[in-house]
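Enquirer: To start, I am sharing the structure in question, which I have written as structure tokens.
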Amino acid sequence: MALKGVWQLQKLVISFCDISGSSRGIRAFMESHLPAFKERNPQLELLTELNRGRHPYLKALYRNKNERVVCIRNQEPEEILLQATRLRNTLGNKVKKLKTRHVTHNPSVQGTWTTALKF
């Protein structure tokens, strides 16, 4: 995703094995979908790593020095394309836990609703 017109994802590392069955989908993705994905995203640096005996994964490195790793074991090429697009579209921020269940800037004047109310 772009923040102030600058794409936040700098580098996408594709790690796979050339012989294992869990990397079958990523090998098909690299043949069919990767050239078009690379052409549509010229701002993105794509790297491939050969890791024998390991399950495949995508590692996204963002401008704010954060990284995300997504396991793509036994996934189809279309699912891998969806994962790569999701990594491209995120800002790379850490997930923040909300302090309350409901966040609002204008709390209700009538008070909070509960199931114990009797009319």
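Ligands are numbered from 1 in the order shown, residues from 1 within each chain, and chains are lettered A, B, ... in the order they appear in the structure tokens.
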Where does DSSP see helix (DSSP H, G or I) in chain A, if you list the residues as a count of residues only?

Expert: 32

Enquirer: Considering only C-alpha atoms, give me a table of residues in segment 66-112 of chain A that are at most 9 Å from segment 45-55 of chain A, with the closest atom pair and distance in Å for each, as CSV.

Expert:
residue,atom,partner,partner_atom,distance
A:Cys71,CA,A:His55,CA,7.6
A:Ile72,CA,A:His55,CA,7.8
A:Arg73,CA,A:His55,CA,5.9
A:Asn74,CA,A:His55,CA,8.9

Enquirer: Which residues, written as a VMD selection string, have at least one atom at most 12 Å from Lys65 of chain A, with only C-alpha atoms counted and residues fewer than 6 positions away on the same chain left out?

Expert: chain A and resid 8 to 11 91 to 94

Enquirer: Any chance you could export the current selection's N, CA, C and O atoms as an mmCIF file, in the first residue's frame?

Expert:
data_model
loop_
_atom_site.group_PDB
_atom_site.id
_atom_site.type_symbol
_atom_site.label_atom_id
_atom_site.label_comp_id
_atom_site.auth_asym_id
_atom_site.auth_seq_id
_atom_site.Cartn_x
_atom_site.Cartn_y
_atom_site.Cartn_z
ATOM 1 N N GLN A 8 5.191 0.939 0.426
ATOM 2 C CA GLN A 8 5.884 0.569 1.655
ATOM 3 C C GLN A 8 6.657 -0.739 1.533
ATOM 4 O O GLN A 8 7.632 -0.942 2.232
ATOM 5 N N LEU A 9 6.244 -1.617 0.640
ATOM 6 C CA LEU A 9 6.958 -2.878 0.461
ATOM 7 C C LEU A 9 8.169 -2.651 -0.433
ATOM 8 O O LEU A 9 8.048 -2.215 -1.570
ATOM 9 N N GLN A 10 9.348 -2.927 0.103
ATOM 10 C CA GLN A 10 10.577 -2.735 -0.657
ATOM 11 C C GLN A 10 11.007 -4.004 -1.369
ATOM 12 O O GLN A 10 11.382 -3.980 -2.529
ATOM 13 N N LYS A 11 10.966 -5.122 -0.639
ATOM 14 C CA LYS A 11 11.550 -6.351 -1.156
ATOM 15 C C LYS A 11 10.650 -7.519 -0.810
ATOM 16 O O LYS A 11 10.132 -7.612 0.300
ATOM 17 N N LEU A 91 0.780 -2.106 4.977
ATOM 18 C CA LEU A 91 1.754 -1.078 5.328
ATOM 19 C C LEU A 91 2.961 -1.646 6.062
ATOM 20 O O LEU A 91 3.971 -0.991 6.173
ATOM 21 N N GLY A 92 2.847 -2.835 6.624
ATOM 22 C CA GLY A 92 3.961 -3.425 7.335
ATOM 23 C C GLY A 92 3.996 -3.091 8.808
ATOM 24 O O GLY A 92 4.934 -3.456 9.505
ATOM 25 N N ASN A 93 2.975 -2.394 9.304
ATOM 26 C CA ASN A 93 2.934 -2.066 10.723
ATOM 27 C C ASN A 93 2.617 -3.312 11.536
ATOM 28 O O ASN A 93 1.975 -4.241 11.059
ATOM 29 N N LYS A 94 3.066 -3.310 12.772
ATOM 30 C CA LYS A 94 2.744 -4.398 13.669
ATOM 31 C C LYS A 94 1.260 -4.342 14.019
ATOM 32 O O LYS A 94 0.656 -3.272 14.067
#

Enquirer: Counting only C-alpha atoms, figure out which residue out of A:Asn66, A:Lys4, A:Phe29, A:Leu12 gets nearest to Arg86 of chain A.

Expert: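 For Arg86 of chain A, the nearest of the given residues is A:Leu12.
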
Enquirer: Taking the chain letters and numbering used in this document, name the residues of chain A that DSSP puts in strand (DSSP E or B), as a VMD selection string.

Expert: chain A and resid 2 to 3 6 to 7 9 to 16 45 to 50 57 to 62 67 to 71

Enquirer: With only C-alpha atoms as the atoms that count, which of A:Leu98, A:Thr112, A:Val6, A:Ala84 lies nearest to Val70 of chain A?

Expert: A:Ala84

Enquirer: So the first atom is atom CA of Lys96 of chain A and the second is atom CA of Gln83 of chain A; what is the distance between them in Å, to one decimal place?

Expert: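 If I compute the distance from atom CA of Lys96 of chain A to atom CA of Gln83 of chain A, I get 21.0 Å.
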
Enquirer: Under the rule that only C-alpha atoms are counted, which of A:Gln43, A:Trp7, A:Pro77, A:Tyr62 is the nearest residue to Ser23 of chain A?

Expert: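 Between A:Gln43, A:Trp7, A:Pro77, A:Tyr62, the residue approaching Ser23 of chain A most closely is A:Pro77.
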
Enquirer: Have a look at A:Thr85, A:Gln110, A:Thr115, A:Thr100 and name the one nearest to Phe37 of chain A; count only C-alpha atoms.

Expert: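 Result for the nearest residue to Phe37 of chain A: A:Thr85.
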